[in-house]
$ cat data.cif   # mmCIF, C-alpha atoms
data_entry
#
loop_
_atom_site.label_atom_id
_atom_site.label_comp_id
_atom_site.auth_asym_id
_atom_site.auth_seq_id
_atom_site.Cartn_x
_atom_site.Cartn_y
_atom_site.Cartn_z
CA MET P 1055 0.00 0.00 0.00
CA TYR P 1056 1.15 3.53 -0.78
CA ALA P 1057 0.42 6.51 1.41
CA VAL P 1058 -1.15 9.23 -0.79
CA SER P 1059 -0.73 12.90 0.12
CA THR P 1060 -0.96 16.26 -1.65
CA HIS P 1061 2.79 16.87 -1.31
CA PHE P 1062 6.05 15.34 -0.16
CA HIS P 1063 5.94 14.74 3.63
CA GLY P 1064 2.26 15.79 3.62
CA GLU P 1065 -0.42 14.24 5.77
CA THR P 1066 -1.65 10.91 4.39
CA ILE P 1067 -5.09 11.35 2.82
CA PHE P 1068 -5.66 7.68 2.01
CA SER P 1069 -3.79 4.47 1.19
CA LEU P 1070 -3.82 2.92 -2.25
CA ASP P 1071 -2.73 -0.50 -3.45
CA ARG P 1072 0.49 0.21 -5.35
CA SER P 1073 -0.68 -1.63 -8.47
CA TYR P 1074 -3.38 1.04 -8.94
CA ALA P 1075 -1.07 4.06 -8.51
CA PRO P 1076 -0.18 4.53 -12.22
CA TYR P 1077 -3.87 4.82 -13.12
CA PHE P 1078 -4.36 7.71 -10.73
CA GLY P 1079 -1.39 9.82 -11.90
CA ILE P 1080 0.31 9.50 -8.53
CA GLN P 1081 4.06 9.96 -8.42
CA VAL P 1082 5.60 7.11 -6.49
CA GLU P 1083 8.45 8.16 -4.21
CA ARG P 1084 9.67 5.11 -2.36
CA LYS P 1085 12.44 5.73 0.14
CA GLY P 1086 15.82 5.66 -1.59
CA GLU P 1087 14.39 5.50 -5.10
CA LYS P 1088 13.70 9.14 -5.89
CA LYS P 1089 15.72 10.30 -8.89
CA VAL P 1090 16.40 13.70 -10.45
CA TRP P 1091 17.22 14.60 -14.07
CA PHE P 1092 20.28 16.75 -14.75
CA GLY P 1093 21.74 18.05 -17.98
CA LYS P 1094 25.43 17.73 -18.73
CA ARG P 1095 26.52 21.01 -20.29
CA SER P 1096 27.93 20.96 -23.80
CA MET P 1097 31.71 20.99 -24.04
CA SER P 1098 31.35 23.98 -26.37
CA LYS P 1099 29.88 26.16 -23.58
CA SER P 1100 32.17 29.02 -22.56
CA THR P 1101 31.37 28.54 -18.86
CA TYR P 1102 31.37 25.24 -16.97
CA PRO P 1103 31.61 22.94 -20.03
CA GLY P 1104 30.83 19.32 -19.17
CA PHE P 1105 29.39 20.18 -15.74
CA PHE P 1106 26.05 18.97 -14.43
CA ASP P 1107 23.31 21.63 -14.54
CA GLN P 1108 19.60 21.80 -13.78
CA LEU P 1109 17.37 20.02 -16.27
CA VAL P 1110 16.01 23.45 -17.23
CA ALA P 1111 17.64 26.75 -16.32
CA GLY P 1112 18.20 30.09 -17.89
CA GLY P 1113 17.52 33.77 -17.80
CA LEU P 1114 13.82 33.92 -17.08
CA ARG P 1115 11.56 36.91 -17.00
CA MET P 1116 9.17 36.84 -14.08
CA SER P 1117 6.41 34.92 -15.84
CA SER P 1118 5.36 31.31 -16.06
CA ARG P 1119 5.28 31.68 -19.86
CA SER P 1120 9.08 32.11 -19.87
CA ALA P 1121 9.56 29.01 -17.72
CA ILE P 1122 7.37 26.98 -20.09
CA LYS P 1123 9.39 28.25 -23.07
CA GLU P 1124 12.67 27.27 -21.35
CA CYS P 1125 11.28 23.79 -20.62
CA GLN P 1126 10.44 23.31 -24.29
CA GLU P 1127 13.71 24.75 -25.61
CA GLU P 1128 16.15 23.11 -23.21
CA ALA P 1129 14.73 19.65 -22.56
CA GLY P 1130 11.83 19.06 -24.95
CA ILE P 1131 9.30 19.23 -22.11
CA GLY P 1132 5.86 19.82 -23.61
CA ARG P 1133 3.55 22.60 -22.44
CA ALA P 1134 1.09 20.26 -20.67
CA ILE P 1135 3.86 18.93 -18.43
CA ALA P 1136 5.73 22.25 -18.06
CA GLU P 1137 2.60 24.02 -16.81
CA ARG P 1138 2.71 21.78 -13.73
CA ALA P 1139 5.99 23.35 -12.52
CA MET P 1140 5.51 24.68 -8.99
CA PRO P 1141 7.51 27.65 -7.67
CA VAL P 1142 9.19 26.53 -4.45
CA SER P 1143 11.81 29.11 -3.50
CA ILE P 1144 13.94 32.06 -4.41
CA MET P 1145 17.67 31.95 -3.73
CA SER P 1146 20.48 34.39 -4.31
CA TYR P 1147 24.22 34.18 -4.40
CA GLU P 1148 27.28 36.22 -5.27
CA GLN P 1149 30.15 35.09 -7.42
CA ILE P 1150 33.58 36.72 -7.52
CA GLU P 1151 36.05 35.76 -10.24
CA GLY P 1152 39.12 37.98 -10.55
CA CYS P 1153 37.83 41.53 -11.03
CA LYS P 1154 34.30 40.36 -11.82
CA PHE P 1155 31.59 40.53 -9.13
CA GLU P 1156 28.16 39.16 -10.01
CA ARG P 1157 24.92 38.76 -8.08
CA TYR P 1158 22.24 36.28 -9.07
CA VAL P 1159 18.66 35.63 -8.02
CA LEU P 1160 17.40 32.11 -8.73
CA PHE P 1161 13.68 31.37 -9.02
CA CYS P 1162 13.37 27.67 -8.23
CA TYR P 1163 10.63 25.31 -9.38
CA ASP P 1164 9.86 21.65 -8.78
CA LEU P 1165 8.46 19.68 -11.70
CA HIS P 1166 7.40 16.06 -11.28
CA LEU P 1167 7.93 14.28 -14.58
CA PRO P 1168 6.21 11.10 -15.76
CA ARG P 1169 8.28 7.96 -15.20
CA ASN P 1170 8.49 7.31 -18.94
CA PHE P 1171 9.66 10.86 -19.79
CA THR P 1172 13.15 11.27 -21.22
CA PRO P 1173 14.46 14.80 -21.88
CA GLN P 1174 15.64 15.66 -25.38
CA CYS P 1175 18.65 17.83 -26.24
CA THR P 1176 17.00 20.50 -28.37
CA ASP P 1177 19.12 23.66 -28.27
CA GLY P 1178 22.72 22.42 -28.36
CA GLU P 1179 23.54 23.73 -24.87
CA VAL P 1180 23.32 20.29 -23.29
CA GLU P 1181 25.44 17.32 -24.31
CA SER P 1182 23.32 14.68 -22.55
CA PHE P 1183 20.82 14.11 -19.76
CA HIS P 1184 21.34 11.90 -16.72
CA LEU P 1185 18.80 10.50 -14.28
CA LEU P 1186 20.66 10.37 -10.94
CA SER P 1187 19.64 8.70 -7.70
CA ILE P 1188 19.74 10.69 -4.47
CA PRO P 1189 22.75 8.73 -3.09
CA CYS P 1190 24.61 9.40 -6.35
CA ILE P 1191 23.74 13.14 -6.25
CA LYS P 1192 24.91 13.43 -2.64
CA SER P 1193 28.14 11.58 -3.41
CA VAL P 1194 28.96 13.77 -6.41
CA LEU P 1195 28.21 16.95 -4.40
CA GLU P 1196 30.39 15.78 -1.49
CA THR P 1197 33.37 14.44 -3.45
CA SER P 1198 33.73 16.51 -6.61
CA THR P 1199 33.08 19.77 -8.40
CA GLN P 1200 31.10 18.24 -11.28
CA PHE P 1201 28.03 20.43 -10.63
CA LYS P 1202 27.90 24.00 -11.92
CA PRO P 1203 28.01 26.15 -8.73
CA SER P 1204 24.47 27.54 -9.07
CA CYS P 1205 23.21 24.02 -9.75
CA ALA P 1206 24.94 22.74 -6.62
CA ILE P 1207 23.23 25.43 -4.52
CA VAL P 1208 19.76 24.66 -5.89
CA THR P 1209 20.34 20.89 -5.59
CA ILE P 1210 21.50 21.12 -1.97
CA TYR P 1211 18.42 23.16 -1.11
CA PHE P 1212 16.24 20.61 -2.92
CA LEU P 1213 17.78 17.84 -0.78
CA ILE P 1214 17.06 19.84 2.38
CA ARG P 1215 13.48 20.67 1.37
CA HIS P 1216 12.75 17.02 0.67
CA GLY P 1217 14.26 15.76 3.93
CA MET P 1218 17.28 14.10 2.31
CA ILE P 1219 19.74 16.26 4.24
CA LYS P 1220 18.57 16.18 7.83
CA PRO P 1221 19.04 18.54 10.81
CA GLU P 1222 21.00 15.90 12.72
CA GLN P 1223 23.67 15.76 10.00
CA LYS P 1224 26.97 17.46 10.82
CA GLY P 1225 27.12 21.01 9.44
CA TYR P 1226 23.37 21.22 8.74
CA LEU P 1227 22.79 24.61 10.40
CA THR P 1228 25.88 26.15 8.81
CA LEU P 1229 24.81 24.86 5.41
CA LEU P 1230 21.25 26.15 5.83
CA LYS P 1231 22.49 29.55 7.02
CA SER P 1232 24.82 29.86 4.02
CA LEU P 1233 21.97 29.04 1.63
CA ARG P 1234 19.76 31.75 3.18
CA GLY P 1235 22.43 34.42 3.51
CA GLY P 1236 21.84 36.14 0.17
CA ASN P 1237 20.28 39.52 -0.46
CA PHE P 1238 17.25 39.34 -2.77
CA LEU P 1239 17.12 43.04 -3.64
#
$ encode --input "data.cif" --output "structure tokens"
Amino acid sequence: MYAVSTHFHGETIFSLDRSYAPYFGIQVERKGEKKVWFGKRSMSKSTYPGFFDQLVAGGLRMSSRSAIKECQEEAGIGRAIAERAMPVSIMSYEQIEGCKFERYVLFCYDLHLPRNFTPQCTDGEVESFHLLSIPCIKSVLETSTQFKPSCAIVTIYFLIRHGMIKPEQKGYLTLLKSLRGGNFL
């Protein structure tokens, strides 16, 4: 039996035999089996070539229409699926490289994709797509620099929001404080 709720960690509304779940459009998230799609940036990109990046990212105007357009252009995600993207947070960070100082504001969305969905490289900015398990994502974040920095920030916050990095873990409060330390103005 699966516990059915309106959102991750939400109150259970009812239980459903797992064999019926696909007919009700319910996303199944069994412990340890949640996976996340990432794009691997094209080697021809001038910044962070070959690094992991969000499935969809880019300079967005403050409208859902822009997010839908980015979904279609960057990963071949159709409008019907893209319209289900839910805004979940806003993050900011600063980046200093040599004499260059940049500030960014990131509007973050969660989008649950159908199990049978496979992203398509449509604009040449992504070399390939990879469906990574949570343990794999955590390992890559902890042991390498294979994620584009902004992608690492958003991914770490995703792991926290979904209870995959827990308060009892060493450094949790420092990590959370650093993620919320930006200025959104």
$ residues_around --input "data.cif" --residues "range 1165-1176 of chain P" --least-positions-apart "2" --cutoff "7 Å" --atoms "only C-alpha atoms" --output "ChimeraX atom specification"
/P:1127-1131,1138-1140,1163,1178,1180,1182-1183
$ resolve_selection --input "data.cif" --expression "the PyMOL selection byres ((chain P and resi 1145) around 12)" --output "PDB file with C-alpha atoms, keeping the file's coordinate frame"
ATOM      1  CA  PRO P1141       7.510  27.650  -7.670  1.00  0.00           C
ATOM      2  CA  VAL P1142       9.190  26.530  -4.450  1.00  0.00           C
ATOM      3  CA  SER P1143      11.810  29.110  -3.500  1.00  0.00           C
ATOM      4  CA  ILE P1144      13.940  32.060  -4.410  1.00  0.00           C
ATOM      5  CA  SER P1146      20.480  34.390  -4.310  1.00  0.00           C
ATOM      6  CA  TYR P1147      24.220  34.180  -4.400  1.00  0.00           C
ATOM      7  CA  GLU P1148      27.280  36.220  -5.270  1.00  0.00           C
ATOM      8  CA  ARG P1157      24.920  38.760  -8.080  1.00  0.00           C
ATOM      9  CA  TYR P1158      22.240  36.280  -9.070  1.00  0.00           C
ATOM     10  CA  VAL P1159      18.660  35.630  -8.020  1.00  0.00           C
ATOM     11  CA  LEU P1160      17.400  32.110  -8.730  1.00  0.00           C
ATOM     12  CA  PHE P1161      13.680  31.370  -9.020  1.00  0.00           C
ATOM     13  CA  CYS P1162      13.370  27.670  -8.230  1.00  0.00           C
ATOM     14  CA  TYR P1163      10.630  25.310  -9.380  1.00  0.00           C
ATOM     15  CA  SER P1204      24.470  27.540  -9.070  1.00  0.00           C
ATOM     16  CA  CYS P1205      23.210  24.020  -9.750  1.00  0.00           C
ATOM     17  CA  ILE P1207      23.230  25.430  -4.520  1.00  0.00           C
ATOM     18  CA  VAL P1208      19.760  24.660  -5.890  1.00  0.00           C
ATOM     19  CA  THR P1209      20.340  20.890  -5.590  1.00  0.00           C
ATOM     20  CA  ILE P1210      21.500  21.120  -1.970  1.00  0.00           C
ATOM     21  CA  TYR P1211      18.420  23.160  -1.110  1.00  0.00           C
ATOM     22  CA  PHE P1212      16.240  20.610  -2.920  1.00  0.00           C
ATOM     23  CA  LEU P1230      21.250  26.150   5.830  1.00  0.00           C
ATOM     24  CA  SER P1232      24.820  29.860   4.020  1.00  0.00           C
ATOM     25  CA  LEU P1233      21.970  29.040   1.630  1.00  0.00           C
ATOM     26  CA  ARG P1234      19.760  31.750   3.180  1.00  0.00           C
ATOM     27  CA  GLY P1235      22.430  34.420   3.510  1.00  0.00           C
ATOM     28  CA  GLY P1236      21.840  36.140   0.170  1.00  0.00           C
ATOM     29  CA  ASN P1237      20.280  39.520  -0.460  1.00  0.00           C
ATOM     30  CA  PHE P1238      17.250  39.340  -2.770  1.00  0.00           C
ATOM     31  CA  LEU P1239      17.120  43.040  -3.640  1.00  0.00           C
TER      32      LEU P1239
END
$ residues_around --input "data.cif" --residues "Ile1188 in chain P" --least-positions-apart "3" --cutoff "8 Å" --atoms "all atoms listed in the file" --output "ChimeraX atom specification"
/P:1086-1090,1191-1192,1218
$ atom_distance --input "data.cif" --atom1 "CA of Ile1122 in chain P" --atom2 "CA of Ser1096 in chain P"
21.7 Å
$ atom_distance --input "data.cif" --atom1 "CA of Phe1201 in chain P" --atom2 "CA of Leu1185 in chain P"
14.0 Å
$ closest_residue --input "data.cif" --among "P:Ser1069, P:Thr1199, P:Ser1187, P:Gln1108" --to "Lys1094 in chain P" --atoms "only C-alpha atoms"
P:Gln1108
$ closest_residue --input "data.cif" --among "P:Ile1219, P:Ile1150, P:Ile1067, P:Ala1206" --to "Pro1189 in chain P" --atoms "all atoms listed in the file"
P:Ile1219
$ closest_residue --input "data.cif" --among "P:Glu1137, P:Gly1104, P:Glu1065, P:Gln1200" --to "Lys1123 in chain P" --atoms "all atoms listed in the file"
P:Glu1137
$ atom_distance --input "data.cif" --atom1 "CA of Trp1091 in chain P" --atom2 "CA of His1184 in chain P"
5.6 Å
$ axis_aligned_box --input "data.cif" --around "range 1090-1099 of chain P" --padding-each-side "4 Å" --output "AutoDock Vina command-line options"
--center_x 24.1 --center_y 19.9 --center_z -18.4 --size_x 23.3 --size_y 20.5 --size_z 23.9
$ closest_residue --input "data.cif" --among "P:Gln1126, P:Asp1164, P:Leu1109, P:Glu1156" --to "His1216 in chain P" --atoms "only C-alpha atoms"
P:Asp1164
